[in-house]
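**Q** My file is entry.txt. It has compact mmCIF, C-alpha atoms:
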# COMPACT_ATOMS: atom_id res chain seq x y z
CA MET A 1 104.41 68.82 25.25
CA LEU A 2 102.65 67.90 28.46
CA ARG A 3 99.12 66.64 28.15
CA PRO A 4 96.79 67.86 30.85
CA VAL A 5 95.03 65.15 32.74
CA THR A 6 91.30 65.48 33.14
CA ASP A 7 90.55 67.47 36.22
CA ALA A 8 87.23 66.01 37.05
CA LEU A 9 88.79 64.88 40.29
CA GLY A 10 88.12 67.94 42.36
CA LEU A 11 91.73 68.99 42.03
CA ALA A 12 91.21 72.41 40.50
CA ALA A 13 93.67 74.99 41.76
CA GLY A 14 92.58 76.23 45.11
CA ALA A 15 89.57 73.96 44.83
CA GLY A 16 87.61 76.30 46.99
CA ALA A 17 84.20 75.56 45.55
CA ALA A 18 81.85 74.34 48.22
CA ARG A 19 80.60 70.86 47.52
CA PRO A 20 78.35 68.78 49.69
CA ALA A 21 80.20 66.03 51.48
CA SER A 22 79.16 62.47 50.84
CA PRO A 23 79.11 60.05 53.76
CA ALA A 24 80.92 57.38 51.72
CA ALA A 25 84.68 57.71 52.05
CA ARG A 26 87.13 56.47 49.46
CA PRO A 27 88.41 53.32 51.10
CA ASP A 28 92.06 53.93 50.25
CA ASP A 29 92.20 57.51 51.48
CA PRO A 30 94.12 57.31 54.75
CA ASP A 31 93.00 60.82 55.72
CA ALA A 32 89.28 60.26 55.23
CA ASP A 33 88.43 59.69 58.87
CA LEU A 34 90.36 62.75 60.07
CA VAL A 35 88.83 64.95 57.38
CA ARG A 36 85.33 63.84 58.29
CA ARG A 37 85.96 64.55 61.95
CA ILE A 38 87.45 67.96 61.14
CA GLY A 39 84.35 68.69 59.10
CA LYS A 40 82.38 68.23 62.31
CA GLY A 41 84.69 70.55 64.24
CA ASP A 42 86.75 67.92 66.09
CA LEU A 43 89.73 69.74 67.63
CA LEU A 44 91.73 66.58 68.16
CA ALA A 45 91.38 65.73 64.49
CA ILE A 46 92.58 69.21 63.54
CA ARG A 47 95.61 68.69 65.73
CA ALA A 48 96.23 65.21 64.31
CA LEU A 49 96.03 66.32 60.68
CA THR A 50 98.39 69.19 61.44
CA ALA A 51 100.90 66.79 62.97
CA ARG A 52 100.60 64.53 59.95
CA LYS A 53 100.72 67.13 57.20
CA LEU A 54 102.66 70.15 58.40
CA PRO A 55 106.14 68.56 58.20
CA ARG A 56 105.24 67.05 54.84
CA LEU A 57 103.99 70.31 53.36
CA THR A 58 106.89 72.31 54.76
CA ALA A 59 109.41 69.89 53.25
CA LEU A 60 107.59 69.89 49.92
CA ALA A 61 107.55 73.66 49.66
CA ALA A 62 111.13 74.00 50.92
CA ARG A 63 112.41 71.73 48.20
CA VAL A 64 110.33 73.28 45.45
CA LEU A 65 110.98 76.88 46.44
CA GLY A 66 114.47 76.59 47.87
CA ASP A 67 113.50 78.99 50.65
CA ALA A 68 112.66 77.94 54.20
CA ALA A 69 110.68 81.05 55.19
CA GLU A 70 108.54 80.96 52.08
CA ALA A 71 108.03 77.24 52.59
CA GLU A 72 106.54 77.90 56.02
CA ASP A 73 104.12 80.43 54.53
CA VAL A 74 103.05 77.94 51.86
CA ALA A 75 102.54 75.17 54.39
CA GLN A 76 100.48 77.48 56.60
CA GLU A 77 98.32 78.70 53.73
CA SER A 78 97.80 75.13 52.47
CA LEU A 79 96.48 73.96 55.82
CA ILE A 80 94.29 77.04 56.18
CA ARG A 81 92.68 76.00 52.90
CA ALA A 82 92.36 72.49 54.27
CA TRP A 83 90.38 73.78 57.26
CA ARG A 84 88.01 75.57 54.89
CA GLN A 85 87.69 72.55 52.64
CA ALA A 86 87.15 69.78 55.20
CA PRO A 87 83.47 70.51 55.97
CA VAL A 88 82.57 70.43 52.28
CA TRP A 89 85.02 67.75 51.16
CA ARG A 90 83.49 65.30 48.70
CA PHE A 91 84.83 61.89 49.57
CA GLY A 92 85.50 59.38 46.83
CA GLU A 93 86.80 61.72 44.15
CA ALA A 94 90.42 62.26 45.14
CA ARG A 95 92.66 61.63 48.08
CA PHE A 96 92.78 64.55 50.48
CA ASP A 97 96.58 64.36 50.50
CA THR A 98 96.66 64.66 46.71
CA TRP A 99 94.43 67.72 46.83
CA LEU A 100 96.59 69.22 49.57
CA HIS A 101 99.75 68.65 47.54
CA ARG A 102 98.09 70.26 44.56
CA VAL A 103 97.21 73.32 46.62
CA ALA A 104 100.77 73.58 47.94
CA ILE A 105 102.32 73.15 44.50
CA ASN A 106 100.08 75.88 43.08
CA LEU A 107 101.02 78.20 45.92
CA CYS A 108 104.69 77.47 45.23
CA ARG A 109 104.20 78.23 41.55
CA ASP A 110 102.54 81.55 42.40
CA ARG A 111 105.53 82.50 44.49
CA LEU A 112 108.05 81.42 41.86
CA ARG A 113 106.21 83.50 39.25
CA ARG A 114 106.39 86.56 41.48
CA ARG A 115 110.12 86.22 42.07
CA ARG A 116 112.42 88.69 40.43
CA PRO A 117 115.45 87.38 38.54
CA GLY A 118 117.85 88.55 41.24
CA ASP A 119 116.05 86.80 44.09
CA ALA A 120 118.25 84.03 45.40
CA ALA A 121 117.09 81.21 47.59
CA ASP A 122 118.76 80.78 50.94
CA LEU A 123 119.72 77.15 50.43
CA ASP A 124 121.77 76.99 53.61
CA ALA A 125 118.62 77.54 55.63
CA LEU A 126 117.01 74.54 53.97
CA VAL A 127 119.36 71.87 55.10
CA ASP A 128 118.73 70.20 58.41
CA PRO A 129 121.36 71.78 60.70
CA GLY A 130 122.01 68.42 62.41
CA PRO A 131 124.21 66.52 62.56
CA ALA A 132 122.02 63.70 63.73
CA PRO A 133 123.81 60.85 65.50
CA ASP A 134 124.12 58.85 62.28
CA ARG A 135 125.14 61.79 60.13
CA GLY A 136 128.41 63.64 60.13
CA LEU A 137 129.61 66.84 58.56
CA GLU A 138 130.10 65.12 55.24
CA ALA A 139 126.43 64.23 55.00
CA ARG A 140 125.51 67.87 55.39
CA ASP A 141 127.94 68.85 52.65
CA ILE A 142 126.41 66.31 50.32
CA GLY A 143 122.95 67.56 51.25
CA ASP A 144 124.02 71.07 50.30
CA ARG A 145 125.24 69.82 46.93
CA VAL A 146 121.96 68.05 46.30
CA ALA A 147 119.99 71.17 47.28
CA VAL A 148 121.96 73.26 44.80
CA ALA A 149 121.52 70.65 42.05
CA MET A 150 117.78 70.46 42.70
CA ALA A 151 117.48 74.24 42.63
CA ALA A 152 119.09 74.27 39.19
CA LEU A 153 116.47 71.92 37.69
CA PRO A 154 113.66 73.33 35.56
CA PRO A 155 110.65 73.84 37.88
CA ARG A 156 108.46 71.02 36.52
CA GLN A 157 111.28 68.49 36.72
CA ARG A 158 112.04 69.62 40.25
CA GLU A 159 108.37 69.25 41.22
CA ALA A 160 108.23 65.73 39.77
CA VAL A 161 111.35 64.59 41.62
CA VAL A 162 110.16 66.16 44.86
CA LEU A 163 106.73 64.52 44.66
CA CYS A 164 107.93 61.04 43.73
CA HIS A 165 111.24 60.78 45.53
CA TYR A 166 110.83 62.95 48.62
CA GLN A 167 107.04 62.99 49.15
CA ASP A 168 106.77 59.34 48.14
CA LEU A 169 103.67 59.82 45.99
CA GLY A 170 102.81 57.13 43.47
CA ASN A 171 102.98 57.96 39.80
CA ILE A 172 99.22 58.39 39.40
CA GLU A 173 98.89 60.69 42.41
CA ALA A 174 101.96 62.72 41.41
CA ALA A 175 100.63 63.13 37.87
CA ARG A 176 97.31 64.35 39.30
CA VAL A 177 99.07 66.86 41.51
CA LEU A 178 101.03 68.24 38.56
CA GLY A 179 98.06 68.08 36.19
CA VAL A 180 99.94 66.00 33.62
CA SER A 181 99.62 62.51 32.20
CA VAL A 182 101.50 59.61 33.77
CA GLU A 183 103.68 59.44 30.66
CA ALA A 184 104.57 63.10 30.99
CA LEU A 185 105.40 62.62 34.65
CA GLU A 186 107.75 59.78 33.77
CA SER A 187 109.46 61.97 31.21
CA LEU A 188 109.89 64.77 33.76
CA LEU A 189 111.34 62.34 36.26
CA SER A 190 113.78 60.81 33.79
CA ARG A 191 115.05 64.16 32.60
CA GLY A 192 115.26 65.47 36.14
CA ARG A 193 117.19 62.51 37.44
CA ARG A 194 119.54 62.55 34.44
CA ALA A 195 120.31 66.21 35.11
CA LEU A 196 120.88 65.50 38.79
CA ARG A 197 123.19 62.61 37.98
CA ALA A 198 125.20 64.88 35.69
CA ALA A 199 125.36 67.68 38.26
CA LEU A 200 126.46 65.28 40.99
CA SER A 201 128.60 63.08 38.80
CA ASP A 202 131.60 63.35 41.10
CA LEU A 203 129.53 61.89 43.94
CA VAL A 204 127.68 59.16 42.03
CA PRO A 205 129.68 55.97 41.48
CA MET B 1 109.02 43.68 29.81
CA GLY B 2 112.39 44.10 28.13
CA PRO B 3 115.70 45.57 29.27
CA ARG B 4 114.92 48.97 27.79
CA ARG B 5 111.69 49.39 29.73
CA PHE B 6 113.38 48.11 32.88
CA ARG B 7 116.10 50.74 32.49
CA ASP B 8 113.54 53.48 31.74
CA LEU B 9 111.65 52.69 34.92
CA ALA B 10 114.79 52.67 37.03
CA GLU B 11 115.86 55.95 35.49
CA ALA B 12 112.52 57.58 36.30
CA TYR B 13 111.50 56.03 39.60
CA GLY B 14 114.79 54.94 41.10
CA GLY B 15 116.33 51.67 42.19
CA ASP B 16 113.54 50.41 44.45
CA ILE B 17 111.02 48.39 42.43
CA SER B 18 108.41 48.78 45.17
CA ARG B 19 108.24 52.48 44.22
CA TRP B 20 107.65 51.80 40.54
CA PRO B 21 104.17 52.00 38.98
CA GLU B 22 102.08 49.26 40.49
CA ALA B 23 101.16 47.62 37.20
CA GLU B 24 104.82 47.28 36.17
CA ARG B 25 106.25 45.81 39.35
CA GLY B 26 105.27 42.22 38.59
CA PRO B 27 106.67 42.21 35.05
CA ALA B 28 109.79 43.98 36.31
CA GLU B 29 110.38 41.37 39.01
CA ALA B 30 109.87 38.64 36.44
CA TRP B 31 112.37 40.20 34.06
CA LEU B 32 114.84 40.70 36.89
CA ALA B 33 114.57 37.03 37.87
CA GLY B 34 115.68 36.02 34.41
CA ASN B 35 118.30 38.73 33.98
CA SER B 36 119.69 39.13 37.45
CA ARG B 37 123.16 40.41 36.58
CA GLU B 38 122.04 43.09 34.13
CA GLY B 39 119.04 44.02 36.23
CA ALA B 40 121.05 44.29 39.45
CA ALA B 41 123.51 46.65 37.78
CA VAL B 42 120.68 48.90 36.60
CA LEU B 43 119.11 48.99 40.04
CA GLU B 44 122.41 49.61 41.79
CA ALA B 45 123.15 52.63 39.61
CA ALA B 46 119.70 54.05 40.27
CA ARG B 47 120.00 53.38 44.00
CA ALA B 48 123.25 55.32 44.16
CA LEU B 49 121.42 58.43 43.00
CA ASP B 50 118.51 57.68 45.35
CA ASP B 51 120.90 57.57 48.30
CA LEU B 52 122.49 60.82 47.27
CA LEU B 53 119.11 62.56 46.99
CA GLY B 54 118.18 61.14 50.39
CA SER B 55 121.05 63.00 52.00
CA TRP B 56 119.17 66.29 51.55
CA ARG B 57 116.97 66.53 54.60
CA THR B 58 114.96 69.57 55.53
CA ALA B 59 114.44 70.90 59.01
CA ASP B 60 111.24 70.06 60.87
CA PRO B 61 108.67 72.85 61.26
CA VAL B 62 109.18 75.03 64.30
CA GLU B 63 106.61 75.22 67.09
CA ALA B 64 105.66 78.79 66.12
CA LEU B 65 104.51 77.61 62.70
CA ARG B 66 102.44 74.86 64.27
CA SER B 67 100.65 77.45 66.39
CA ARG B 68 100.07 79.72 63.40
CA VAL B 69 98.33 76.83 61.68
CA LEU B 70 96.34 75.56 64.66
CA VAL B 71 95.07 78.74 66.28
CA PRO B 72 92.80 79.94 63.42
CA ALA B 73 91.70 76.40 62.49
CA PRO B 74 88.56 76.01 64.63
CA ASP B 75 87.14 79.34 63.51
CA LEU B 76 87.87 78.60 59.84
CA VAL B 77 86.25 75.17 60.07
CA SER B 78 83.26 76.63 61.85
CA ARG B 79 82.80 79.32 59.22
CA ALA B 80 83.12 76.80 56.40
CA ARG B 81 80.47 74.64 58.04
CA ARG B 82 78.11 77.60 58.31
CA ARG B 83 78.74 78.50 54.68
CA ALA B 84 78.07 74.92 53.60
CA PHE B 85 74.87 74.91 55.60
CA VAL B 86 73.68 78.14 54.02
CA LEU B 87 74.41 76.67 50.60
CA THR B 88 72.39 73.61 51.58
CA LEU B 89 69.52 75.88 52.57
CA GLY B 90 69.91 77.69 49.26
CA GLY B 91 69.63 74.42 47.40
CA GLY B 92 66.55 73.52 49.38
CA ALA B 93 64.97 76.89 48.63
CA GLY B 94 65.66 76.43 44.94
CA LEU B 95 64.03 73.01 45.01
CA ALA B 96 61.03 74.40 46.87
CA ALA B 97 60.69 77.20 44.32
CA ALA B 98 60.83 74.68 41.50
CA CYS B 99 58.12 72.58 43.16
CA LEU B 100 55.95 75.65 43.70
CA ALA B 101 56.37 76.66 40.06
CA GLY B 102 55.38 73.15 39.04
CA ILE B 103 52.25 73.24 41.21
CA LEU B 104 51.21 76.63 39.84
CA ALA B 105 51.85 75.59 36.26
CA ALA B 106 50.17 72.18 36.53
CA PRO B 107 46.55 73.25 35.78
CA PHE B 108 47.75 75.19 32.76
CA LEU B 109 49.85 72.30 31.48
CA LEU B 110 47.06 69.78 32.05
CA SER B 111 44.48 71.89 30.19
CA THR B 112 46.74 72.77 27.26
CA PRO B 113 47.46 70.37 24.41
CA SER B 114 51.10 69.43 24.48
CA PHE B 115 51.48 69.20 20.72
CA GLY B 116 53.95 66.42 21.23
CA ILE B 117 56.38 68.49 23.26
CA ALA B 118 58.57 66.23 25.34
CA PRO B 119 58.98 67.12 29.00
CA SER B 120 62.06 69.17 29.74
CA PRO B 121 64.83 67.20 31.37
CA SER B 122 64.79 69.70 34.20
CA MET B 123 61.23 68.63 35.00
CA GLU B 124 62.39 65.08 35.41
CA ARG B 125 65.12 65.93 37.88
CA PRO B 126 64.94 63.69 40.93
CA ALA B 127 64.73 65.19 44.37
CA SER B 128 67.96 66.77 45.48
CA ALA B 129 70.21 64.60 47.58
CA SER B 130 70.86 67.63 49.75
CA ALA B 131 67.28 67.49 51.03
CA SER B 132 68.17 64.56 53.23
CA PRO B 133 67.01 63.55 56.68
CA GLN B 134 70.44 64.68 57.92
CA THR B 135 69.43 68.31 57.52
CA ASP B 136 68.12 68.52 61.07
CA GLU B 137 71.38 67.09 62.38
CA VAL B 138 73.44 69.64 60.42
CA LEU B 139 71.18 72.45 61.60
CA ALA B 140 71.64 71.35 65.19
CA GLU B 141 75.42 71.28 64.79
CA VAL B 142 75.54 74.67 63.13
CA LEU B 143 73.36 76.25 65.78
CA GLU B 144 75.61 74.73 68.38
CA ASP B 145 78.59 76.35 66.62
CA TRP B 146 76.92 79.71 66.65
CA GLU B 147 76.27 79.46 70.36
CA ALA B 148 79.74 78.26 71.30
CA PRO B 149 82.17 78.79 68.43
CA PHE B 150 85.17 76.96 69.87
CA ALA B 151 85.57 79.45 72.71
CA ASP B 152 88.45 77.56 74.25
CA ALA B 153 90.16 76.60 71.03
CA GLU B 154 93.00 79.07 71.20
CA ALA B 155 93.84 78.07 74.72
CA ASP B 156 93.67 74.39 73.77
CA PHE B 157 96.05 74.76 70.87
CA GLY B 158 98.36 77.09 72.68
CA ALA B 159 99.27 74.28 75.03
Can the structure from this file be put into structure tokens for me?

**A**
Amino acid sequence: MLRPVTDALGLAAGAGAARPASPAARPDDPDADLVRRIGKGDLLAIRALTARKLPRLTALAARVLGDAAEAEDVAQESLIRAWRQAPVWRFGEARFDTWLHRVAINLCRDRLRRRRPGDAADLDALVDPGPAPDRGLEARDIGDRVAVAMAALPPRQREAVVLCHYQDLGNIEAARVLGVSVEALESLLSRGRRALRAALSDLVP
Amino acid sequence: MGPRRFRDLAEAYGGDISRWPEAERGPAEAWLAGNSREGAAVLEAARALDDLLGSWRTADPVEALRSRVLVPAPDLVSRARRRAFVLTLGGGAGLAAACLAGILAAPFLLSTPSFGIAPSPSMERPASASASPQTDEVLAEVLEDWEAPFADAEADFGA
């Protein structure tokens, strides 16, 4: 049973409630300066945050949803919410990136709930069509296998693996995004990785 | 830290100790130093799965998506700023109303025995932080937005 983590961190789903912004930024929030500038209408900051977050959000949603087109919609909607949130962002309570991930994950969950049983993800569209100079055809095949194995994971396990492995979030931030305790996150990760290892056993030494 | 915890961490977070929970990295490194053969085998097995997962790369966002995100941004930010400002005004109005009510009620309260009734916590509320000297600055910015709400934004982002 997953224990919900206290959500006094401004991470409520959607988190659309207007809150006055404090001038004091959380020192370890790397997005604080951009968010403050966006809150004042700085177009360059809007462009910079888009460059920083759009690939990240698109990749997150693609891996959670298993659908490239839906992932683009989720990334777009997440950043639209970011534009609305920046002028009223309360610094010091949570990292902006954590909040943004939470928004994107909730949007993904909404879409997964709406899916009908027959809806199949277009996994082929998710894999980078490459090959890049250092990657051959074999790498793409392996990527396809991993995509299929990830799609077969229970949703919460998939989310945990995506956040920690692919999005590179720390355990505390990932637990906040998922709304679970750190212990529960670790359990999700362990079970997810065990299932992946089993599904890819012919490829893992 | 013992071997079991070391294995649990590798199983959950992978074969790179720098990605493990911050508080456990030091103890893990210490355990690894004293158990290098066993520890290395655990990490190697976890790294093999890490490498496999890393082979799934997603395509970068296309330019059209970037435009869909950027074009409405200035207007959305501007609207959110106006909304925040109105809420600030609302808070100020509420504070003013509370002060007015206090002024009107003061003669009555002063001339009436209190019978030991403690003051309501709401009467002890300090002045709202929203009524700050920055209000004029925000007002100036919002008025500026209303006059010129990012007229050239679409052209800028379309570039």

**Q** Do you know which residues are at most 6 Å from stretch 76-79 of chain B counting all atoms listed in the file, after dropping those on the same chain fewer than 3 positions away, and could you put them as a PyMOL selection string?

**A** (chain A and resi 83-84) or (chain B and resi 73+82)

**Q** Considering only C-alpha atoms, can you say which of A:Gly92, A:Pro155, A:Gly170, A:Pro30 comes closest to chain B?

**A**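 With only C-alpha atoms as the atom set, the closest residue is A:Gly170.
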
**Q** Considering all atoms listed in the file, tabulate each residue of chain A that lies at most 8 Å from chain B along with its nearest interatomic pair and the corresponding distance in Å to one decimal; arrange the rows by chain and ascending residue number and present them as a tab-separated table.

**A**
residue	atom	partner	partner_atom	distance
A:Ala18	CA	B:Ala84	CA	6.6
A:Arg19	CA	B:Ala84	CA	7.7
A:Pro20	CA	B:Ala84	CA	7.3
A:Ile38	CA	B:Val77	CA	7.4
A:Gly39	CA	B:Val77	CA	6.8
A:Lys40	CA	B:Arg81	CA	7.9
A:Gly41	CA	B:Val77	CA	6.4
A:Leu43	CA	B:Pro74	CA	7.0
A:Ile46	CA	B:Ala73	CA	7.3
A:Arg47	CA	B:Leu70	CA	7.0
A:Thr50	CA	B:Leu70	CA	7.4
A:Leu54	CA	B:Pro61	CA	7.2
A:Pro55	CA	B:Pro61	CA	5.8
A:Thr58	CA	B:Pro61	CA	6.8
A:Ala59	CA	B:Thr58	CA	6.0
A:Ala62	CA	B:Thr58	CA	7.5
A:Glu72	CA	B:Leu65	CA	7.0
A:Gln76	CA	B:Val69	CA	5.6
A:Leu79	CA	B:Val69	CA	6.8
A:Ile80	CA	B:Val69	CA	6.8
A:Trp83	CA	B:Val77	CA	5.2
A:Arg84	CA	B:Ala80	CA	5.3
A:Gln85	CA	B:Ala80	CA	7.3
A:Ala86	CA	B:Val77	CA	7.3
A:Pro87	CA	B:Arg81	CA	5.5
A:Val88	CA	B:Ala84	CA	6.5
A:Leu126	CA	B:Thr58	CA	5.6
A:Val127	CA	B:Thr58	CA	5.0
A:Asp128	CA	B:Ala59	CA	4.4
A:Pro129	CA	B:Ala59	CA	7.2
A:Ala139	CA	B:Ser55	CA	6.3
A:Arg140	CA	B:Ser55	CA	7.4
A:Ile142	CA	B:Ser55	CA	6.5
A:Gly143	CA	B:Trp56	CA	4.0
A:Asp144	CA	B:Trp56	CA	6.9
A:Val146	CA	B:Trp56	CA	6.2
A:Ala147	CA	B:Trp56	CA	6.5
A:Cys164	CA	B:Tyr13	CA	7.4
A:His165	CA	B:Tyr13	CA	7.6
A:Tyr166	CA	B:Gly54	CA	7.8
A:Gly170	CA	B:Pro21	CA	7.0
A:Asn171	CA	B:Pro21	CA	6.1
A:Glu186	CA	B:Ala12	CA	5.8
A:Ser187	CA	B:Ala12	CA	7.4
A:Leu189	CA	B:Ala12	CA	4.9
A:Ser190	CA	B:Ala12	CA	4.3
A:Arg191	CA	B:Ala12	CA	8.0
A:Arg193	CA	B:Ala12	CA	6.9
A:Arg194	CA	B:Glu11	CA	7.6
A:Arg197	CA	B:Leu49	CA	6.8
A:Leu203	CA	B:Leu52	CA	7.9
A:Val204	CA	B:Ala48	CA	6.2
A:Pro205	CA	B:Ala48	CA	7.0

**Q** What does the distance between atom CA of A:Arg52 and atom CA of A:Leu65 come to in Å, to one decimal place?

**A**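 Straight-line distance from atom CA of A:Arg52 to atom CA of A:Leu65 works out to 21.0 Å.
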
**Q** Just how far from atom CA of B:Met1 is atom CA of B:Pro27, in Å to one decimal?

**A**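 Atom CA of B:Met1 lies at a distance of 5.9 Å from atom CA of B:Pro27.
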
**Q** For stretch 31-37 of chain B, take all atoms listed in the file, fit an axis-aligned box around them, add 8 Å to each of the six sides, then output centre and edge lengths in Å rounded to one decimal, as AutoDock Vina command-line options.

**A**
--center_x 117.8 --center_y 38.4 --center_z 35.9 --size_x 26.8 --size_y 20.7 --size_z 19.9
